[in-house]
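Just below is one structure, and these are the notes that go with it.
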There are 4 protein chains.
Amino acid sequence: MQQQYGQERQKLYDDIRPQHLTPLWEVLHALVPPQPMTPCVPAFWRYRDIRPYLMAAGKLITAEEAVRRVLILENPALPGRSAITQSLYAGLQLILPGEVAPSHRHVQSALRFVIDGKGAYTTVAGERTTMHPGDFIITPSWTWHDHGNEGIDGVSEPVVWLDGLDIPMVRFFDAGFAENDAVGKSQPVSRPEGSSHARFGANMAPVRHDRKGLASPIFSYPYSRTREALHTLAREQDIDAWEGVKLKYINPATGGWAIPTLATFMQFLPKGFAGKRSRSTDGTVYCVTEGAGIAHVGNERFSFGPQDIFVVPSWAPLSFEAHQDVVMFSYSDRPVHEALGILREEFLD
Amino acid sequence: MQQQYGQERQKLYDDIRPQHLTPLWEVLHALVPPQPMTPCVPAFWRYRDIRPYLMAAGKLITAEEAVRRVLILENPALPGRSAITQSLYAGLQLILPGEVAPSHRHVQSALRFVIDGKGAYTTVAGERTTMHPGDFIITPSWTWHDHGNEGIDGVSEPVVWLDGLDIPMVRFFDAGFAENDAVGKSQPVSRPEGSSHARFGANMAPVRHDRKGLASPIFSYPYSRTREALHTLAREQDIDAWEGVKLKYINPATGGWAIPTLATFMQFLPKGFAGKRSRSTDGTVYCVTEGAGIAHVGNERFSFGPQDIFVVPSWAPLSFEAHQDVVMFSYSDRPVHEALGILREEFLD
Amino acid sequence: MQQQYGQERQKLYDDIRPQHLTPLWEVLHALVPPQPMTPCVPAFWRYRDIRPYLMAAGKLITAEEAVRRVLILENPALPGRSAITQSLYAGLQLILPGEVAPSHRHVQSALRFVIDGKGAYTTVAGERTTMHPGDFIITPSWTWHDHGNEGIDGVSEPVVWLDGLDIPMVRFFDAGFAENDAVGKSQPVSRPEGSSHARFGANMAPVRHDRKGLASPIFSYPYSRTREALHTLAREQDIDAWEGVKLKYINPATGGWAIPTLATFMQFLPKGFAGKRSRSTDGTVYCVTEGAGIAHVGNERFSFGPQDIFVVPSWAPLSFEAHQDVVMFSYSDRPVHEALGILREEFLD
Amino acid sequence: MQQQYGQERQKLYDDIRPQHLTPLWEVLHALVPPQPMTPCVPAFWRYRDIRPYLMAAGKLITAEEAVRRVLILENPALPGRSAITQSLYAGLQLILPGEVAPSHRHVQSALRFVIDGKGAYTTVAGERTTMHPGDFIITPSWTWHDHGNEGIDGVSEPVVWLDGLDIPMVRFFDAGFAENDAVGKSQPVSRPEGSSHARFGANMAPVRHDRKGLASPIFSYPYSRTREALHTLAREQDIDAWEGVKLKYINPATGGWAIPTLATFMQFLPKGFAGKRSRSTDGTVYCVTEGAGIAHVGNERFSFGPQDIFVVPSWAPLSFEAHQDVVMFSYSDRPVHEALGILREEFLD
């Protein structure tokens, strides 16, 4: 029937186009593919290659003028989209001694994973958190937040962290709102540092707390505790053949993800680890904290060291080798895959 | 500093582009807008204008060749995207007497809202459901489903329904899988019609059921019961100033949404209703079942009657007037907005 | 050591008694038994033997004077405890034509399962529900409720139902509050009959409902729908070897139990059914609606017919034979066993 | 009618008693009281008065012979019931240097709150936890557990802790099972100390954990962290007028209670605190860790110091005065009140 009706069909398509109608059968296979066909590609950023550009940016624009002095990591296959996967944003933010990145808030949730330097802080909802390399810090949706760098213990260094946000998701769902703080560059600090941790971080909680929002009530997950937990389990030899020792950051008020849109993980691979392959539908951004090794991502082979960053697209086979003890942070859009009921993963080999 | 450093900045941008880096500060306002700036526009499809094209399609391609003979309703501002909002798909499906739309399954969840004709059925996971105008039917993620039209009570008519799917979401999150049924055009029927309703539809449930998946275990929500519920509440004068009487379809096993990715509603507006304005971040597709009136959507004014379809983009102000008693179906991406913690709505006037 | 120290131990026990101290080791085995050692016994009440006493009570006290004219079914091993198991209360309530059982409310949750007669109603939170044999009706914790008997369709009969309450639990946890209605015998009716069902009973729910409390928002589960569901599944031959076809009543707003303290079930056994034995930690009260058969409860053998009632204590082996098609209602304290994490059940043979 | 029918009613009561029937109207007021009428009374145990009896017990029976060498704290109004309220059990357990309390498991959940001495441990599900004063340790339902005292850092002391269990609840619901360990006195240790904490205690969790049961996956909540959290909040001046600073122990996998049947709290009252009165339906057992003050419980006035224990029955008005900085542990049956929907509390004055 196809050949016979070819011309007539084309005429129908032309007739209906002005009605904003289009035939499904011409695109069905692309719309409902047999398996994920992501436009994203694996990509790798070597920190020592990027750092000079960040420092150059530090000379060309202030944190205050930039609002956020960030170089966005764009997926090479999505140029101009400000996205590292279709749904995830990643950037490297620099804040120099004495600077302030002014207070604002937005619907987009953010994570900060500190990779370089000492002396910065983030303030979230009136509580300041000092930032150390390896610390994981969140700024939940619609909370006022600002960053600064006042030095610490006499040390005054440029500080760089990885920003992970759900910007593409909020854009896709057309739900973005934002406000700048009318009061000033920095919001007033109303609670002492450690306050949220005292309330929710000690496996305890206020007896009559009334938590709003889905995000974790603790803003900061210090590397010192994370590292200790990973090493305790590593000594216990509880090493998974695919993932080594992998923990997820949780919201202590619910046991769920720390951020409702972004899964966040910290992972240990012992020296000599040669992991099996796995793949999953959630695209993932990795950031190395300690050690060196190789990540096999699809047909790519990334030789990584500390502070390097790479992205694993949906359904790309992934495996790791560790040449030294490795600690890696990662984040993905897994919570959304779970909420939508579309998460799929395979453990291969 | 901006002018002074203009050239140097541009040089930096050029230098970092090959590294797949781009400066946030040049795009920050667009990435984090003060309020939603959807690319979608309000749009309206008058069923009596579209129906002839559907019938023409019925002559040019069979349901079996097409797999699904559907005209996609595309948002005029998103041509070629097969999407009615950035996250939602809508189409009108025709199945003629004697036809079969063959069995397949996919990660994408679908809803069917019947708008024209009698005699068709949908089979989901081995159970057949007869389709009547006003019925709401779901095919959950990864369940085998096929459609056919064998007539009913000697009546044999073309049957048209609205298909609502989460195709753009699954594409955005790169999580699509699909399979055609190797066994045959129609899956075997393994349970009598009404079986799921007997298990879960009578405000009861099997004593030791082990439900998998997030979708409702009942596939069909017949219009007869929906209509009766709406009219009972209308007689009770429980009329909301914005929405009249509005019920949502629920998953009786959880009390949550019938479909994890799509909110679905049925709404009654009494004759003479002149509703207040509201807006919300979830874009919504409406399909009129009974009655006539006017929908004010942003700056548009849609005069609607039975079977007409229109789309309300994110954050567009919306209000209704009813010239007769109106019953309307609608669906949106609200469950995802809720899961992500990004739903916002305002009741105005 | 025991003999040697016998006297000294006894002296210690005597010394500490005034301090309200007592040695665990003398009672450990009884406190922490190897398996449940309930003080309850199986028991059976033949309705035709009880009915004359109910009617006699109807002549000796009015519903209004009695507040509730009920004969409590006491476990023979718990005389004076007003309890059919340690945690459950059961009673038979009679309301004569023209009577009113006045409005009150209490923390205790109640269920009504109608077993005899037509023409009565229950009013809960301003909504009246007509009572038919086989209907299951709830009065949630702390809701105003009253009963009356005005006849229906010219029929005016004594009406008897089974009351099931969590009175012993609320007493055990010392949490009982109660109030009589100051306004009058019957609370004012503020919503038409069927209102709750229109809101929550059609597998739909109000779009922005704000449910308080844990109990189901529908007060009445009519037998007509329950019976139809059971018979549909029975025709489908979905017959469990232990329980036949067994459905639980659910709260449509959550998918959980209709009442937070009491599990409620309806069960069909086809004629000829000879079930396998099972046992569980939740004690259960059964009330037969249709048919006849035998219940084997521990070492007891109860030959039951319509309207008969029996109790199965915790962990007593239970099996059924059906001489005719049987429909049976039952209720237990299972939700509490689940919430406490102490439910255990075994399917034997 | 009452007088007139007095004799006839009595005859009816006599007639129905052999049928295990009894008239509700004679007992309605007691069954459904206007407010809680607990049989329990407030009571106080001064540790320094009790300790000699415990040490005497230590000479008269070994931990192994006793299985658990415990003096039960009985509510003075419930003699012989082994209960401190109708639903709660409390006891003081002594373990001497070199002793082992052999391994067993039971449905009953237990908490241990360490009050005196160093050098003991508890092993739960293959993991040993060292016990220090102020530590809170749980043994979840049906987990193997044993205790021992091997000394620590050369220190070898008698160790005493408060045992809190749900024994009366499990007895009331007839759901108790128990087993002794056939293998030996102490279960084998299969995981290093700190293992559970590494998995779940650092606001992180294993990425693919499959938690069974309702209890917290961490067995030990060390006083060092609890105390630090309380003092941080105290310095922040976040002092509630009724409760000072009060935190609850939580299950980090869910955010819920650490034990499904027992709420557990730690509370700080600053020196000079003179709290307002409150009351609630959950009966509560208090154990003082640091400081001294006065507890007003109903009409009683308890002057407390470190290690003292007292019980507050349901609905008894309660307020505190602190003469020094006070830290107090407490536990109650609140999770069950919440699950049953019967919790009520009032903040007075």
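We label chains A, B, ... in the order they appear in the structure tokens, count residues from 1 in each chain, and number ligands from 1 in the order shown.
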
Excluding same-chain residues fewer than 6 positions from Asn251 (chain A), what lies within 8 Å of it counting only C-alpha atoms, as an NGL selection string?
-> (:A and (215-218 or 257-259)) or (:D and (203))

Find the spatial neighbours of region 277-279 of chain C, counting only C-alpha atoms, within a cut-off of 7 Å - ignore same-chain residues fewer than 4 positions away - and output them as a PyMOL selection string.
-> chain C and resi 242+315-319+345-349

Output the selection as a compact mmCIF listing (two decimals), in the first residue's frame - C-alpha atoms for each residue.
```txt
# COMPACT_ATOMS: atom_id res chain seq x y z
CA TRP C 242 -6.00 -21.54 51.98
CA TRP C 315 -1.57 -18.63 66.12
CA ALA C 316 -4.47 -21.14 66.21
CA PRO C 317 -4.40 -23.31 63.06
CA LEU C 318 -7.40 -22.50 60.87
CA SER C 319 -9.00 -24.15 57.86
CA GLU C 345 1.91 -16.12 59.47
CA GLU C 346 2.31 -19.67 58.22
CA PHE C 347 0.63 -21.51 55.40
CA LEU C 348 0.66 -25.17 56.39
CA ASP C 349 -0.02 -28.58 54.78
```

Contacts of region 220-225 of chain C at 7 Å (only C-alpha atoms; same-chain gap of 6+ positions) as number ranges by chain | B: 202; C: 129, 134-138

The residue from D:Gly275, D:Pro192, D:Pro260, D:Gly213 with the smallest atom-to-atom distance to chain A, counting only C-alpha atoms, is D:Pro192

Do a neighbour search on Thr261 (chain A) at 12 Å with only C-alpha atoms, toss out local chain neighbours closer than 5 positions, and write the hits as a count of residues only.
-> 40

Taking the DSSP assignment computed from this structure's backbone, write out as a PyMOL selection string all residues of region 34-247 of chain A that belong to strand (DSSP E).
-> chain A and resi 43-45+70-73+89-95+100-106+110-116+120-124+127-130+136-139+145-149+159-165+178-180+204-206+220-221+245-247

Save out the residues we just selected, C-alpha atoms, as a PDB file, in the first residue's frame.
```
ATOM      1  CA  ALA A  43      33.615  13.219  27.474  1.00  0.00           C
ATOM      2  CA  PHE A  44      36.555  13.930  29.753  1.00  0.00           C
ATOM      3  CA  TRP A  45      38.002  17.118  31.240  1.00  0.00           C
ATOM      4  CA  VAL A  70      31.699  29.435  36.252  1.00  0.00           C
ATOM      5  CA  LEU A  71      32.963  27.652  33.179  1.00  0.00           C
ATOM      6  CA  ILE A  72      30.214  25.322  32.026  1.00  0.00           C
ATOM      7  CA  LEU A  73      31.247  21.805  30.962  1.00  0.00           C
ATOM      8  CA  TYR A  89      24.330  20.783  34.110  1.00  0.00           C
ATOM      9  CA  ALA A  90      27.967  20.826  35.269  1.00  0.00           C
ATOM     10  CA  GLY A  91      30.326  23.737  35.758  1.00  0.00           C
ATOM     11  CA  LEU A  92      33.537  24.668  37.531  1.00  0.00           C
ATOM     12  CA  GLN A  93      33.219  27.655  39.809  1.00  0.00           C
ATOM     13  CA  LEU A  94      36.112  29.798  40.977  1.00  0.00           C
ATOM     14  CA  ILE A  95      36.046  32.153  43.910  1.00  0.00           C
ATOM     15  CA  VAL A 100      31.689  37.244  47.270  1.00  0.00           C
ATOM     16  CA  ALA A 101      29.293  35.547  44.856  1.00  0.00           C
ATOM     17  CA  PRO A 102      26.125  37.434  45.741  1.00  0.00           C
ATOM     18  CA  SER A 103      23.026  35.971  47.346  1.00  0.00           C
ATOM     19  CA  HIS A 104      20.198  34.724  45.151  1.00  0.00           C
ATOM     20  CA  ARG A 105      17.741  31.866  45.018  1.00  0.00           C
ATOM     21  CA  HIS A 106      16.147  29.801  42.272  1.00  0.00           C
ATOM     22  CA  ALA A 110      22.515  22.758  43.167  1.00  0.00           C
ATOM     23  CA  LEU A 111      25.303  20.635  44.523  1.00  0.00           C
ATOM     24  CA  ARG A 112      28.859  21.799  45.145  1.00  0.00           C
ATOM     25  CA  PHE A 113      31.694  19.319  45.225  1.00  0.00           C
ATOM     26  CA  VAL A 114      34.904  20.988  46.358  1.00  0.00           C
ATOM     27  CA  ILE A 115      37.965  20.090  44.304  1.00  0.00           C
ATOM     28  CA  ASP A 116      40.670  22.692  44.871  1.00  0.00           C
ATOM     29  CA  ALA A 120      35.773  29.474  50.911  1.00  0.00           C
ATOM     30  CA  TYR A 121      32.339  29.159  52.408  1.00  0.00           C
ATOM     31  CA  THR A 122      28.779  28.753  51.238  1.00  0.00           C
ATOM     32  CA  THR A 123      25.869  30.239  53.155  1.00  0.00           C
ATOM     33  CA  VAL A 124      22.499  28.515  52.811  1.00  0.00           C
ATOM     34  CA  GLU A 127      23.829  29.128  57.916  1.00  0.00           C
ATOM     35  CA  ARG A 128      27.425  29.254  56.732  1.00  0.00           C
ATOM     36  CA  THR A 129      29.417  26.152  55.831  1.00  0.00           C
ATOM     37  CA  THR A 130      33.179  26.108  55.406  1.00  0.00           C
ATOM     38  CA  PHE A 136      29.697  17.798  49.362  1.00  0.00           C
ATOM     39  CA  ILE A 137      27.368  20.760  49.895  1.00  0.00           C
ATOM     40  CA  ILE A 138      23.832  21.356  48.705  1.00  0.00           C
ATOM     41  CA  THR A 139      21.730  24.423  48.066  1.00  0.00           C
ATOM     42  CA  HIS A 145      22.598  31.091  49.007  1.00  0.00           C
ATOM     43  CA  ASP A 146      25.851  32.954  48.507  1.00  0.00           C
ATOM     44  CA  HIS A 147      29.510  32.038  48.427  1.00  0.00           C
ATOM     45  CA  GLY A 148      32.611  33.808  49.645  1.00  0.00           C
ATOM     46  CA  ASN A 149      36.284  33.301  50.271  1.00  0.00           C
ATOM     47  CA  VAL A 159      38.890  27.834  45.592  1.00  0.00           C
ATOM     48  CA  VAL A 160      37.332  25.757  42.811  1.00  0.00           C
ATOM     49  CA  TRP A 161      34.382  23.450  43.034  1.00  0.00           C
ATOM     50  CA  LEU A 162      32.211  21.449  40.718  1.00  0.00           C
ATOM     51  CA  ASP A 163      28.659  22.779  40.423  1.00  0.00           C
ATOM     52  CA  GLY A 164      26.013  20.217  39.525  1.00  0.00           C
ATOM     53  CA  LEU A 165      22.505  21.488  38.819  1.00  0.00           C
ATOM     54  CA  ALA A 178      14.649  33.097  40.426  1.00  0.00           C
ATOM     55  CA  GLU A 179      15.241  36.110  42.663  1.00  0.00           C
ATOM     56  CA  ASN A 180      18.213  38.223  43.584  1.00  0.00           C
ATOM     57  CA  MET A 204      18.799  12.241  65.530  1.00  0.00           C
ATOM     58  CA  ALA A 205      16.198  14.866  64.712  1.00  0.00           C
ATOM     59  CA  PRO A 206      14.266  17.605  66.502  1.00  0.00           C
ATOM     60  CA  SER A 220      27.116  19.923  54.199  1.00  0.00           C
ATOM     61  CA  TYR A 221      28.501  16.398  54.140  1.00  0.00           C
ATOM     62  CA  VAL A 245      32.473   0.457  47.764  1.00  0.00           C
ATOM     63  CA  LYS A 246      29.748   2.910  46.804  1.00  0.00           C
ATOM     64  CA  LEU A 247      27.662   4.980  49.187  1.00  0.00           C
TER      65      LEU A 247
END
```

Counting only C-alpha atoms, which residues of chain D come no farther than 6 Å from chain C, as an MDAnalysis selection string?
-> chainID D and resid 20:25 33:36 38 66 70:74 76 174:178 260:261 281 340

Pull the alpha helix (DSSP H) assignments for region 209-266 of chain A out of DSSP run on the backbone, and list those residues as JSON, numbers by chain.
-> {"A": [223, 224, 225, 226, 227, 228, 229, 230, 231, 232, 233, 234, 235]}

Expected file contents, prior selection, N, CA, C and O atoms, as a compact mmCIF listing (two decimals), in the first residue's frame:
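So again.txt came out as:
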```txt
# COMPACT_ATOMS: atom_id res chain seq x y z
N TYR A 223 33.96 15.75 53.96
CA TYR A 223 34.72 14.63 53.41
C TYR A 223 35.33 13.77 54.50
O TYR A 223 35.47 12.55 54.34
N SER A 224 35.67 14.38 55.63
CA SER A 224 36.31 13.60 56.69
C SER A 224 35.44 12.41 57.09
O SER A 224 35.93 11.29 57.22
N ARG A 225 34.13 12.62 57.23
CA ARG A 225 33.26 11.51 57.63
C ARG A 225 33.01 10.55 56.48
O ARG A 225 32.94 9.33 56.67
N THR A 226 32.84 11.08 55.29
CA THR A 226 32.60 10.23 54.12
C THR A 226 33.78 9.30 53.89
O THR A 226 33.62 8.10 53.67
N ARG A 227 34.97 9.88 53.95
CA ARG A 227 36.18 9.11 53.71
C ARG A 227 36.34 8.00 54.74
O ARG A 227 36.69 6.86 54.42
N GLU A 228 36.06 8.34 56.00
CA GLU A 228 36.20 7.35 57.06
C GLU A 228 35.23 6.18 56.84
O GLU A 228 35.59 5.02 57.01
N ALA A 229 34.01 6.50 56.43
CA ALA A 229 33.02 5.44 56.18
C ALA A 229 33.48 4.53 55.04
O ALA A 229 33.43 3.30 55.14
N LEU A 230 33.96 5.12 53.96
CA LEU A 230 34.42 4.32 52.81
C LEU A 230 35.59 3.41 53.21
O LEU A 230 35.61 2.23 52.85
N HIS A 231 36.53 3.97 53.94
CA HIS A 231 37.69 3.17 54.30
C HIS A 231 37.36 2.07 55.29
O HIS A 231 37.94 0.99 55.25
N THR A 232 36.41 2.33 56.20
CA THR A 232 35.98 1.27 57.12
C THR A 232 35.41 0.10 56.33
O THR A 232 35.74 -1.07 56.57
N LEU A 233 34.58 0.39 55.34
CA LEU A 233 33.98 -0.69 54.55
C LEU A 233 35.02 -1.36 53.66
O LEU A 233 34.94 -2.57 53.41
N ALA A 234 35.97 -0.59 53.17
CA ALA A 234 37.02 -1.18 52.33
C ALA A 234 37.85 -2.17 53.15
O ALA A 234 38.16 -3.27 52.68
N ARG A 235 38.18 -1.79 54.40
CA ARG A 235 38.94 -2.71 55.25
C ARG A 235 38.14 -3.99 55.51
O ARG A 235 38.69 -5.05 55.68
```

Separating CA of Glu64 (chain B) from CA of Asp153 (chain B), to the nearest tenth of an Å, is a gap of 24.3 Å

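When the distance limit is 7 Å and only C-alpha atoms are what count, the residues near Ala322 (chain D), minus those fewer than 4 positions from it on the same chain, are Leu269, Pro270, Lys271, Gly272, Phe273, Ala274, Ala292, Gly293, Ile294 and Val326 of chain D.
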
Do a neighbour search on Thr289 (chain B) at 6 Å with only C-alpha atoms, toss out local chain neighbours closer than 6 positions, and write the hits as a ChimeraX atom specification.
-> /B:306-307,327-328

7 Å contact set for Ile152 (chain A), only C-alpha atoms, chain neighbours under 4 positions out, as a list in words | Lys118, Gly119 and Ser156 of chain A

Kindly give the distance, in Å, that separates CA of Val312 (chain C) and CA of Phe265 (chain C), rounded to a single decimal.
->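 Those two atoms sit 14.3 Å apart.
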